[in-house]
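Trainee: Got a structure for you, questions after.
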Amino acid sequence: PVVVSLLVSGGIVASPPANYRVLLEVFFEKVYGSGTYTSAALLQGLYDNAGNVHFDLSSILNGECRAGRTLPEVPEWGTVLAAKADNLRKYYYRYTEEYGSPPAQQAWTTSPPKLALDGGVSQGLFASGDFFAGITSANSLLTWQADGKPLGLTQPEYISWHNYTASPRSLVVQRTAYDVDNNATTIVYLHESSVTAQAYETIVLPIGFDVAAVASDVYKVVFRVVDAASDYEGGSPTYLGPSRTYRIDRDFHDSERYVQYLNSFGCPETWRCTGEYSKALSVSRQTAVRPLLPGYNAFATDRFQWGQESNNELTFRTGYIRRGDAEVLAEMLAAGEIYDVSEDGYIPLLITTGRFDLTSTRRELHFLEFQ
């Protein structure tokens, strides 16, 4: 939660003036970096016995972030260029006292601009401290997905790096290819003309766009974010993030569909569903009965359809996945908004399934099915 706490002076608590209340107005920058702020909400509150006034801004900021998302919310198919994640917004607030007969507002006090990330962490992580204050090069990739994920030859895959440093950073991505004997065969650098991340911004780096071009003996690839200012070409890269390992899957699958979604950090994620895919049509019909007039013929009918509503019902099956993958995909299933993506375009989908069997004690083979 984002809570603003204000303290009312003891004199007012002891002897409050007529019609006393505290006002707080929130201003939100709908387009990040534009410098244009609009009023998002005007709140009013009363103090408690200790003189504290608390304003919870969470729902306001969440609604404004959600309304300000660009479409499509996930990168376009075939994207090869790094870009800033659309998950950061700025806001500020101002507050004042109002009292008297009639009530009159006093001078406003304005906060400095603040940052809001379009996302959130679990209650447990929030309770343990400031999550983003603890980000270092060891955990600067904003994803919950486990390492060692399979990577299809045409899979749109991304890593999202959060600039935890206090200064702008330009990035490159190191890709190391390994054969089945775990020998490093080639090292290449991607995104050498990458965008620059200001402090606390997140850069989305496509990494799956040329996997099909790697040598046929490559078993896995390892990606790491590198500081472009370091001497990486001379063999001395400065790493800004942990390694991410992907196992290249060259197997043939009868069905292979990609779903994308925004994770809890507002960054794009991809999952390749290799299980059986199916599509059905659900139709709700509105019918009526009409009297048959004298002289009707054999082709006449007393029932007719005057309206209908239809929906395509798509069923995705992940194929067999790891226990940890099933746990992580719970955030996608709970969020409920995904995209079915391919070279033909994007299909925005709403998950309607209400219950999912993620895992159990003796279960070894895991898969998920959702509509």
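Residues are named by chain letter and number: chains run A, B, ... in the order of the structure tokens, numbers start at 1 in each chain, and ligands are numbered from 1 in the order shown.
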Mind checking which residues fall within 7 Å of Leu358 of chain A, counting only C-alpha atoms, ignoring those fewer than 2 positions away in the same chain, and posting them as a list in words?
Mentor: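 With the cut-off at 7 Å, the set is Ala326, Glu327 and Phe356 of chain A.
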Trainee: Export, as a JSON list (two decimals), in the first residue's frame, the selected residues with all heavy atoms.
Mentor:
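Generated output (selection.json):
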[["chain", "number", "residue", "atom", "x", "y", "z"],
["A", 326, "ALA", "N", 4.69, -24.06, -12.44],
["A", 326, "ALA", "CA", 3.26, -24.04, -12.13],
["A", 326, "ALA", "C", 2.96, -23.02, -11.04],
["A", 326, "ALA", "O", 1.95, -22.31, -11.09],
["A", 326, "ALA", "CB", 2.80, -25.44, -11.70],
["A", 327, "GLU", "N", 3.85, -22.93, -10.05],
["A", 327, "GLU", "CA", 3.65, -21.96, -8.97],
["A", 327, "GLU", "C", 3.73, -20.54, -9.50],
["A", 327, "GLU", "O", 2.93, -19.67, -9.14],
["A", 327, "GLU", "CB", 4.71, -22.18, -7.88],
["A", 327, "GLU", "CG", 4.62, -23.53, -7.19],
["A", 327, "GLU", "CD", 3.63, -23.57, -6.06],
["A", 327, "GLU", "OE1", 2.88, -22.59, -5.89],
["A", 327, "GLU", "OE2", 3.60, -24.58, -5.33],
["A", 356, "PHE", "N", -7.64, -23.75, -10.28],
["A", 356, "PHE", "CA", -6.52, -24.40, -10.94],
["A", 356, "PHE", "C", -5.80, -25.30, -9.93],
["A", 356, "PHE", "O", -5.50, -24.89, -8.81],
["A", 356, "PHE", "CB", -5.53, -23.37, -11.48],
["A", 356, "PHE", "CG", -6.16, -22.32, -12.33],
["A", 356, "PHE", "CD1", -6.61, -21.13, -11.77],
["A", 356, "PHE", "CD2", -6.33, -22.50, -13.69],
["A", 356, "PHE", "CE1", -7.20, -20.15, -12.54],
["A", 356, "PHE", "CE2", -6.92, -21.54, -14.48],
["A", 356, "PHE", "CZ", -7.37, -20.36, -13.91]]
Trainee: List every residue of segment 149-318 of chain A that DSSP, applied to the backbone, labels as strand (DSSP E or B), and write the result as a count of residues only.
Mentor: 92
Trainee: Determine which residues of segment 291-344 of chain A receive a DSSP assignment of helix (DSSP H, G or I), computed from the backbone, and state them as a PyMOL selection string.
Mentor: chain A and resi 323-328+330-335
Trainee: Next, dump the selected residues to file, keeping only N, CA, C and O atoms, as a PDB file, in the first residue's frame.
Mentor:
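As a result, again_33.pdb now contains:
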ATOM      1  N   ARG A 323       7.440 -28.033 -11.345  1.00  0.00           N
ATOM      2  CA  ARG A 323       6.615 -27.630 -10.215  1.00  0.00           C
ATOM      3  C   ARG A 323       6.721 -26.116  -9.982  1.00  0.00           C
ATOM      4  O   ARG A 323       5.729 -25.424  -9.780  1.00  0.00           O
ATOM      5  N   GLY A 324       7.942 -25.584 -10.038  1.00  0.00           N
ATOM      6  CA  GLY A 324       8.138 -24.154  -9.831  1.00  0.00           C
ATOM      7  C   GLY A 324       7.464 -23.308 -10.889  1.00  0.00           C
ATOM      8  O   GLY A 324       6.977 -22.212 -10.601  1.00  0.00           O
ATOM      9  N   ASP A 325       7.445 -23.815 -12.130  1.00  0.00           N
ATOM     10  CA  ASP A 325       6.768 -23.071 -13.199  1.00  0.00           C
ATOM     11  C   ASP A 325       5.270 -22.973 -12.931  1.00  0.00           C
ATOM     12  O   ASP A 325       4.645 -21.931 -13.172  1.00  0.00           O
ATOM     13  N   ALA A 326       4.688 -24.060 -12.443  1.00  0.00           N
ATOM     14  CA  ALA A 326       3.258 -24.040 -12.133  1.00  0.00           C
ATOM     15  C   ALA A 326       2.955 -23.025 -11.041  1.00  0.00           C
ATOM     16  O   ALA A 326       1.949 -22.311 -11.093  1.00  0.00           O
ATOM     17  N   GLU A 327       3.847 -22.933 -10.047  1.00  0.00           N
ATOM     18  CA  GLU A 327       3.649 -21.962  -8.974  1.00  0.00           C
ATOM     19  C   GLU A 327       3.728 -20.537  -9.502  1.00  0.00           C
ATOM     20  O   GLU A 327       2.933 -19.669  -9.140  1.00  0.00           O
ATOM     21  N   VAL A 328       4.714 -20.276 -10.363  1.00  0.00           N
ATOM     22  CA  VAL A 328       4.914 -18.920 -10.875  1.00  0.00           C
ATOM     23  C   VAL A 328       3.784 -18.493 -11.794  1.00  0.00           C
ATOM     24  O   VAL A 328       3.343 -17.333 -11.775  1.00  0.00           O
ATOM     25  N   ALA A 330       0.876 -18.948 -11.524  1.00  0.00           N
ATOM     26  CA  ALA A 330      -0.327 -18.585 -10.774  1.00  0.00           C
ATOM     27  C   ALA A 330      -0.624 -17.100 -10.894  1.00  0.00           C
ATOM     28  O   ALA A 330      -1.786 -16.693 -10.887  1.00  0.00           O
ATOM     29  N   GLU A 331       0.418 -16.254 -11.035  1.00  0.00           N
ATOM     30  CA  GLU A 331       0.152 -14.821 -11.155  1.00  0.00           C
ATOM     31  C   GLU A 331      -0.531 -14.497 -12.479  1.00  0.00           C
ATOM     32  O   GLU A 331      -1.369 -13.605 -12.553  1.00  0.00           O
ATOM     33  N   MET A 332      -0.197 -15.243 -13.536  1.00  0.00           N
ATOM     34  CA  MET A 332      -0.876 -15.056 -14.817  1.00  0.00           C
ATOM     35  C   MET A 332      -2.329 -15.508 -14.710  1.00  0.00           C
ATOM     36  O   MET A 332      -3.248 -14.826 -15.186  1.00  0.00           O
ATOM     37  N   LEU A 333      -2.556 -16.641 -14.079  1.00  0.00           N
ATOM     38  CA  LEU A 333      -3.901 -17.180 -13.975  1.00  0.00           C
ATOM     39  C   LEU A 333      -4.777 -16.299 -13.100  1.00  0.00           C
ATOM     40  O   LEU A 333      -5.971 -16.141 -13.351  1.00  0.00           O
ATOM     41  N   ALA A 334      -4.181 -15.696 -12.075  1.00  0.00           N
ATOM     42  CA  ALA A 334      -4.958 -14.829 -11.188  1.00  0.00           C
ATOM     43  C   ALA A 334      -5.256 -13.498 -11.858  1.00  0.00           C
ATOM     44  O   ALA A 334      -6.363 -12.961 -11.718  1.00  0.00           O
ATOM     45  N   ALA A 335      -4.288 -12.942 -12.578  1.00  0.00           N
ATOM     46  CA  ALA A 335      -4.506 -11.668 -13.256  1.00  0.00           C
ATOM     47  C   ALA A 335      -5.589 -11.794 -14.313  1.00  0.00           C
ATOM     48  O   ALA A 335      -6.421 -10.896 -14.498  1.00  0.00           O
TER      49      ALA A 335
END
Trainee: Record the distance separating atom CA of Gly51 of chain A and atom CA of Leu115 of chain A, expressed in Å with one decimal.
Mentor: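 So the answer is 27.5 Å.
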Trainee: Using only C-alpha atoms, find the one residue out of A:Pro72, A:Gly354, A:Pro291, A:Gly266 that sits nearest to Leu88 of chain A.
Mentor: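 That would be A:Gly266, the residue with the smallest distance to Leu88 of chain A.
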Trainee: For atom CA of Asp130 of chain A and atom CA of Cys65 of chain A, determine how far apart the two atoms are, in Å to one decimal place.
Mentor: 20.4 Å
Trainee: Could you build a table of the residues in segment 275-360 of chain A lying no more than 10 Å from segment 147-156 of chain A, giving for each the nearest pair of atoms and their separation in Å rounded to one decimal place, using only C-alpha atoms, ordered by chain and ascending residue number, as CSV?
Mentor:
residue,atom,partner,partner_atom,distance
A:Ile321,CA,A:Lys149,CA,9.4
A:Arg322,CA,A:Lys149,CA,9.2
A:Gly324,CA,A:Asp147,CA,9.8
A:Asp325,CA,A:Lys149,CA,8.6
A:Val341,CA,A:Pro156,CA,9.0
A:Ser342,CA,A:Pro156,CA,9.1
A:Glu343,CA,A:Thr154,CA,9.8
Trainee: Determine, for each residue of segment 195-274 of chain A having at least one atom at most 10 Å from an atom of segment 302-319 of chain A, the closest pair of atoms and their separation in Å to one decimal, counting only C-alpha atoms; order by chain and ascending number, as a Markdown table.
Mentor:
| residue | atom | partner | partner_atom | distance |
| --- | --- | --- | --- | --- |
| A:His253 | CA | A:Gly319 | CA | 9.9 |
| A:Ser255 | CA | A:Arg317 | CA | 9.5 |
| A:Glu256 | CA | A:Thr318 | CA | 9.2 |
| A:Arg257 | CA | A:Phe316 | CA | 8.3 |
| A:Tyr258 | CA | A:Phe316 | CA | 9.7 |
| A:Val259 | CA | A:Phe316 | CA | 9.1 |
| A:Trp271 | CA | A:Thr318 | CA | 8.1 |
| A:Arg272 | CA | A:Thr318 | CA | 7.0 |
| A:Cys273 | CA | A:Thr318 | CA | 4.1 |
| A:Thr274 | CA | A:Gly319 | CA | 5.0 |
Trainee: Keeping all heavy atoms for every residue in the selection just given, could you write it to a file as a compact mmCIF listing (two decimals), in the first residue's frame?
Mentor:
# COMPACT_ATOMS: atom_id res chain seq x y z
N HIS A 253 6.51 -30.07 -31.80
CA HIS A 253 5.29 -30.14 -31.00
C HIS A 253 4.09 -29.97 -31.93
O HIS A 253 4.09 -29.06 -32.77
CB HIS A 253 5.27 -29.06 -29.93
CG HIS A 253 6.41 -29.15 -28.96
ND1 HIS A 253 6.40 -29.99 -27.88
CD2 HIS A 253 7.62 -28.50 -28.93
CE1 HIS A 253 7.53 -29.87 -27.21
NE2 HIS A 253 8.29 -28.96 -27.82
N SER A 255 1.28 -28.87 -31.21
CA SER A 255 0.68 -27.56 -30.92
C SER A 255 1.72 -26.71 -30.21
O SER A 255 2.41 -27.19 -29.30
CB SER A 255 -0.57 -27.72 -30.05
OG SER A 255 -1.10 -26.46 -29.69
N GLU A 256 1.83 -25.48 -30.64
CA GLU A 256 2.79 -24.56 -30.04
C GLU A 256 2.21 -23.16 -30.12
O GLU A 256 2.16 -22.55 -31.18
CB GLU A 256 4.14 -24.63 -30.76
CG GLU A 256 5.25 -23.89 -30.05
CD GLU A 256 6.59 -24.09 -30.75
OE1 GLU A 256 6.76 -23.57 -31.87
OE2 GLU A 256 7.45 -24.78 -30.18
N ARG A 257 1.73 -22.68 -28.98
CA ARG A 257 1.12 -21.36 -28.93
C ARG A 257 1.77 -20.55 -27.82
O ARG A 257 2.12 -21.08 -26.76
CB ARG A 257 -0.39 -21.44 -28.72
CG ARG A 257 -1.11 -22.26 -29.78
CD ARG A 257 -2.61 -22.13 -29.64
NE ARG A 257 -3.08 -20.83 -30.10
CZ ARG A 257 -3.45 -20.57 -31.36
NH1 ARG A 257 -3.36 -21.51 -32.28
NH2 ARG A 257 -3.90 -19.37 -31.69
N TYR A 258 1.90 -19.24 -28.08
CA TYR A 258 2.56 -18.36 -27.12
C TYR A 258 1.53 -17.44 -26.47
O TYR A 258 0.74 -16.80 -27.17
CB TYR A 258 3.62 -17.51 -27.82
CG TYR A 258 4.72 -18.33 -28.47
CD1 TYR A 258 4.83 -18.41 -29.86
CD2 TYR A 258 5.63 -19.03 -27.69
CE1 TYR A 258 5.83 -19.15 -30.45
CE2 TYR A 258 6.63 -19.79 -28.28
CZ TYR A 258 6.73 -19.85 -29.66
OH TYR A 258 7.72 -20.60 -30.24
N VAL A 259 1.56 -17.41 -25.16
CA VAL A 259 0.72 -16.46 -24.43
C VAL A 259 1.64 -15.48 -23.71
O VAL A 259 2.69 -15.86 -23.19
CB VAL A 259 -0.23 -17.15 -23.43
CG1 VAL A 259 -1.26 -17.98 -24.15
CG2 VAL A 259 0.54 -18.01 -22.43
N TRP A 271 4.89 -17.38 -22.14
CA TRP A 271 4.90 -18.81 -21.87
C TRP A 271 4.46 -19.55 -23.12
O TRP A 271 3.50 -19.17 -23.78
CB TRP A 271 3.98 -19.18 -20.70
CG TRP A 271 4.33 -20.57 -20.24
CD1 TRP A 271 3.71 -21.74 -20.56
CD2 TRP A 271 5.44 -20.92 -19.41
NE1 TRP A 271 4.37 -22.80 -20.00
CE2 TRP A 271 5.43 -22.32 -19.29
CE3 TRP A 271 6.45 -20.19 -18.78
CZ2 TRP A 271 6.40 -23.01 -18.54
CZ3 TRP A 271 7.39 -20.87 -18.04
CH2 TRP A 271 7.37 -22.26 -17.92
N ARG A 272 5.21 -20.59 -23.44
CA ARG A 272 4.92 -21.40 -24.62
C ARG A 272 4.10 -22.61 -24.21
O ARG A 272 4.53 -23.42 -23.39
CB ARG A 272 6.23 -21.85 -25.28
CG ARG A 272 6.04 -22.61 -26.58
CD ARG A 272 7.38 -22.95 -27.19
NE ARG A 272 8.19 -23.73 -26.27
CZ ARG A 272 8.95 -24.76 -26.64
NH1 ARG A 272 9.01 -25.12 -27.90
NH2 ARG A 272 9.67 -25.42 -25.76
N CYS A 273 2.91 -22.70 -24.75
CA CYS A 273 2.01 -23.81 -24.44
C CYS A 273 2.16 -24.88 -25.52
O CYS A 273 1.85 -24.64 -26.69
CB CYS A 273 0.56 -23.33 -24.38
SG CYS A 273 0.24 -22.19 -23.01
N THR A 274 2.65 -26.06 -25.11
CA THR A 274 2.88 -27.14 -26.07
C THR A 274 1.86 -28.26 -25.93
O THR A 274 1.96 -29.27 -26.62
CB THR A 274 4.29 -27.71 -25.89
OG1 THR A 274 4.46 -28.15 -24.53
CG2 THR A 274 5.34 -26.65 -26.19
Trainee: Counting only C-alpha atoms, what is within 7 Å of Val172 of chain A, bar same-chain residues fewer than 6 positions away, as a VMD selection string?
Mentor: chain A and resid 189 to 192 194 225 to 228
Trainee: Would you output that residue set with N, CA and C atoms, as a PDB file, in the first residue's frame?
Mentor:
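Output file result14.pdb is given in full below:
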ATOM      1  N   TYR A 189      27.267 -10.187 -28.215  1.00  0.00           N
ATOM      2  CA  TYR A 189      26.628  -9.117 -27.457  1.00  0.00           C
ATOM      3  C   TYR A 189      25.472  -8.545 -28.271  1.00  0.00           C
ATOM      4  N   LEU A 190      24.328  -8.451 -27.627  1.00  0.00           N
ATOM      5  CA  LEU A 190      23.110  -7.948 -28.253  1.00  0.00           C
ATOM      6  C   LEU A 190      22.792  -6.562 -27.709  1.00  0.00           C
ATOM      7  N   HIS A 191      22.020  -5.826 -28.498  1.00  0.00           N
ATOM      8  CA  HIS A 191      21.513  -4.504 -28.081  1.00  0.00           C
ATOM      9  C   HIS A 191      22.645  -3.508 -27.809  1.00  0.00           C
ATOM     10  N   GLU A 192      23.620  -3.492 -28.694  1.00  0.00           N
ATOM     11  CA  GLU A 192      24.743  -2.575 -28.480  1.00  0.00           C
ATOM     12  C   GLU A 192      24.366  -1.121 -28.747  1.00  0.00           C
ATOM     13  N   SER A 194      21.534   0.080 -27.364  1.00  0.00           N
ATOM     14  CA  SER A 194      20.379   0.027 -26.475  1.00  0.00           C
ATOM     15  C   SER A 194      20.012   1.409 -25.959  1.00  0.00           C
ATOM     16  N   VAL A 225      23.004  -9.133 -18.368  1.00  0.00           N
ATOM     17  CA  VAL A 225      22.992  -7.707 -18.668  1.00  0.00           C
ATOM     18  C   VAL A 225      24.346  -7.125 -18.267  1.00  0.00           C
ATOM     19  N   VAL A 226      24.926  -6.348 -19.191  1.00  0.00           N
ATOM     20  CA  VAL A 226      26.273  -5.810 -19.004  1.00  0.00           C
ATOM     21  C   VAL A 226      26.233  -4.296 -19.145  1.00  0.00           C
ATOM     22  N   ASP A 227      27.031  -3.623 -18.340  1.00  0.00           N
ATOM     23  CA  ASP A 227      27.182  -2.171 -18.447  1.00  0.00           C
ATOM     24  C   ASP A 227      27.906  -1.848 -19.743  1.00  0.00           C
ATOM     25  N   ALA A 228      27.255  -1.073 -20.618  1.00  0.00           N
ATOM     26  CA  ALA A 228      27.854  -0.754 -21.915  1.00  0.00           C
ATOM     27  C   ALA A 228      29.112   0.089 -21.771  1.00  0.00           C
TER      28      ALA A 228
END
Trainee: Do you know which residues are at most 12 Å from Pro113 of chain A counting only C-alpha atoms, after dropping those on the same chain fewer than 6 positions away, and could you put them as a PyMOL selection string?
Mentor: chain A and resi 26-29+33+35-37+89-94
Trainee: With N, CA and C atoms retained, could you export that selection as an mmCIF file, in the first residue's frame?
Mentor:
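To be explicit, this is the file written out as selection-v4.cif:
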data_model
loop_
_atom_site.group_PDB
_atom_site.id
_atom_site.type_symbol
_atom_site.label_atom_id
_atom_site.label_comp_id
_atom_site.auth_asym_id
_atom_site.auth_seq_id
_atom_site.Cartn_x
_atom_site.Cartn_y
_atom_site.Cartn_z
ATOM 1 N N VAL A 26 -4.334 14.471 -5.044
ATOM 2 C CA VAL A 26 -3.320 13.696 -5.753
ATOM 3 C C VAL A 26 -3.278 14.131 -7.206
ATOM 4 N N PHE A 27 -2.073 14.390 -7.707
ATOM 5 C CA PHE A 27 -1.854 14.747 -9.114
ATOM 6 C C PHE A 27 -1.013 13.662 -9.769
ATOM 7 N N PHE A 28 -1.402 13.256 -10.975
ATOM 8 C CA PHE A 28 -0.808 12.089 -11.628
ATOM 9 C C PHE A 28 -0.322 12.459 -13.026
ATOM 10 N N GLU A 29 0.864 11.968 -13.380
ATOM 11 C CA GLU A 29 1.416 12.163 -14.720
ATOM 12 C C GLU A 29 1.000 10.972 -15.585
ATOM 13 N N GLY A 33 7.179 11.041 -18.075
ATOM 14 C CA GLY A 33 8.177 11.945 -18.609
ATOM 15 C C GLY A 33 7.617 13.160 -19.307
ATOM 16 N N GLY A 35 5.785 15.562 -17.976
ATOM 17 C CA GLY A 35 5.770 16.736 -17.117
ATOM 18 C C GLY A 35 4.393 17.335 -16.916
ATOM 19 N N THR A 36 3.375 16.700 -17.495
ATOM 20 C CA THR A 36 2.002 17.193 -17.363
ATOM 21 C C THR A 36 1.253 16.360 -16.334
ATOM 22 N N TYR A 37 0.797 17.005 -15.283
ATOM 23 C CA TYR A 37 0.077 16.331 -14.212
ATOM 24 C C TYR A 37 -1.378 16.788 -14.202
ATOM 25 N N ARG A 89 5.310 5.586 -13.436
ATOM 26 C CA ARG A 89 4.601 6.853 -13.528
ATOM 27 C C ARG A 89 5.055 7.755 -12.375
ATOM 28 N N LYS A 90 4.828 9.054 -12.541
ATOM 29 C CA LYS A 90 5.135 10.016 -11.490
ATOM 30 C C LYS A 90 3.838 10.611 -10.943
ATOM 31 N N TYR A 91 3.902 11.009 -9.692
ATOM 32 C CA TYR A 91 2.755 11.665 -9.066
ATOM 33 C C TYR A 91 3.261 12.554 -7.934
ATOM 34 N N TYR A 92 2.423 13.427 -7.490
ATOM 35 C CA TYR A 92 2.700 14.177 -6.272
ATOM 36 C C TYR A 92 1.368 14.498 -5.604
ATOM 37 N N TYR A 93 1.435 14.979 -4.387
ATOM 38 C CA TYR A 93 0.207 15.344 -3.685
ATOM 39 C C TYR A 93 0.425 16.662 -2.945
ATOM 40 N N ARG A 94 -0.667 17.281 -2.627
ATOM 41 C CA ARG A 94 -0.626 18.475 -1.801
ATOM 42 C C ARG A 94 -1.717 18.353 -0.739
#
Trainee: Which residues are near Val8 of chain A? Cut-off 9 Å, only C-alpha atoms, ignore same chain within fewer than 3 positions. Put them as a list in words.
Mentor: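 Final neighbour list, sorted by chain and number: Gly11, Ile12, Val13, Val22, Tyr47, Ala50, Gly51, Asn52 and Val53 of chain A.
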Trainee: Could you save those same residues with N, CA and C atoms as an mmCIF file, in the first residue's frame?
Mentor:
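Below you can see out.cif, which holds the result:
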data_model
loop_
_atom_site.group_PDB
_atom_site.id
_atom_site.type_symbol
_atom_site.label_atom_id
_atom_site.label_comp_id
_atom_site.auth_asym_id
_atom_site.auth_seq_id
_atom_site.Cartn_x
_atom_site.Cartn_y
_atom_site.Cartn_z
ATOM 1 N N GLY A 11 -2.604 21.444 19.499
ATOM 2 C CA GLY A 11 -3.585 22.459 19.846
ATOM 3 C C GLY A 11 -4.911 22.229 19.155
ATOM 4 N N ILE A 12 -4.855 21.826 17.899
ATOM 5 C CA ILE A 12 -6.098 21.573 17.172
ATOM 6 C C ILE A 12 -6.787 20.335 17.716
ATOM 7 N N VAL A 13 -6.018 19.307 18.064
ATOM 8 C CA VAL A 13 -6.618 18.093 18.615
ATOM 9 C C VAL A 13 -7.337 18.410 19.924
ATOM 10 N N VAL A 22 -8.943 17.666 7.066
ATOM 11 C CA VAL A 22 -7.695 17.728 6.299
ATOM 12 C C VAL A 22 -7.999 17.298 4.868
ATOM 13 N N TYR A 47 -8.638 13.350 11.959
ATOM 14 C CA TYR A 47 -7.550 12.803 12.750
ATOM 15 C C TYR A 47 -8.082 11.834 13.803
ATOM 16 N N ALA A 50 -4.600 10.436 18.442
ATOM 17 C CA ALA A 50 -3.205 10.872 18.515
ATOM 18 C C ALA A 50 -2.910 12.016 17.546
ATOM 19 N N GLY A 51 -3.903 12.445 16.804
ATOM 20 C CA GLY A 51 -3.708 13.526 15.853
ATOM 21 C C GLY A 51 -3.211 13.088 14.493
ATOM 22 N N ASN A 52 -3.252 11.779 14.202
ATOM 23 C CA ASN A 52 -2.777 11.264 12.915
ATOM 24 C C ASN A 52 -3.907 11.193 11.892
ATOM 25 N N VAL A 53 -3.570 11.549 10.664
ATOM 26 C CA VAL A 53 -4.489 11.411 9.540
ATOM 27 C C VAL A 53 -3.798 10.554 8.487
#
Trainee: Suppose you want the space between atom CA of Leu171 of chain A and atom CA of Tyr200 of chain A; what is it in Å?
Mentor: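 Atom-to-atom, atom CA of Leu171 of chain A and atom CA of Tyr200 of chain A are spaced 14.3 Å apart.
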Trainee: Pick from A:Phe265, A:Ala213, A:Ile159, A:Leu81: nearest to Ala116 of chain A, with only C-alpha atoms counted?
Mentor: A:Phe265
Trainee: Would you please work out which residue, of A:Ala14, A:Leu329, A:Val289, A:Val80, is nearest to Ser264 of chain A when using only C-alpha atoms?
Mentor: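 Comparing A:Ala14, A:Leu329, A:Val289, A:Val80 against Ser264 of chain A, the winner is A:Leu329.
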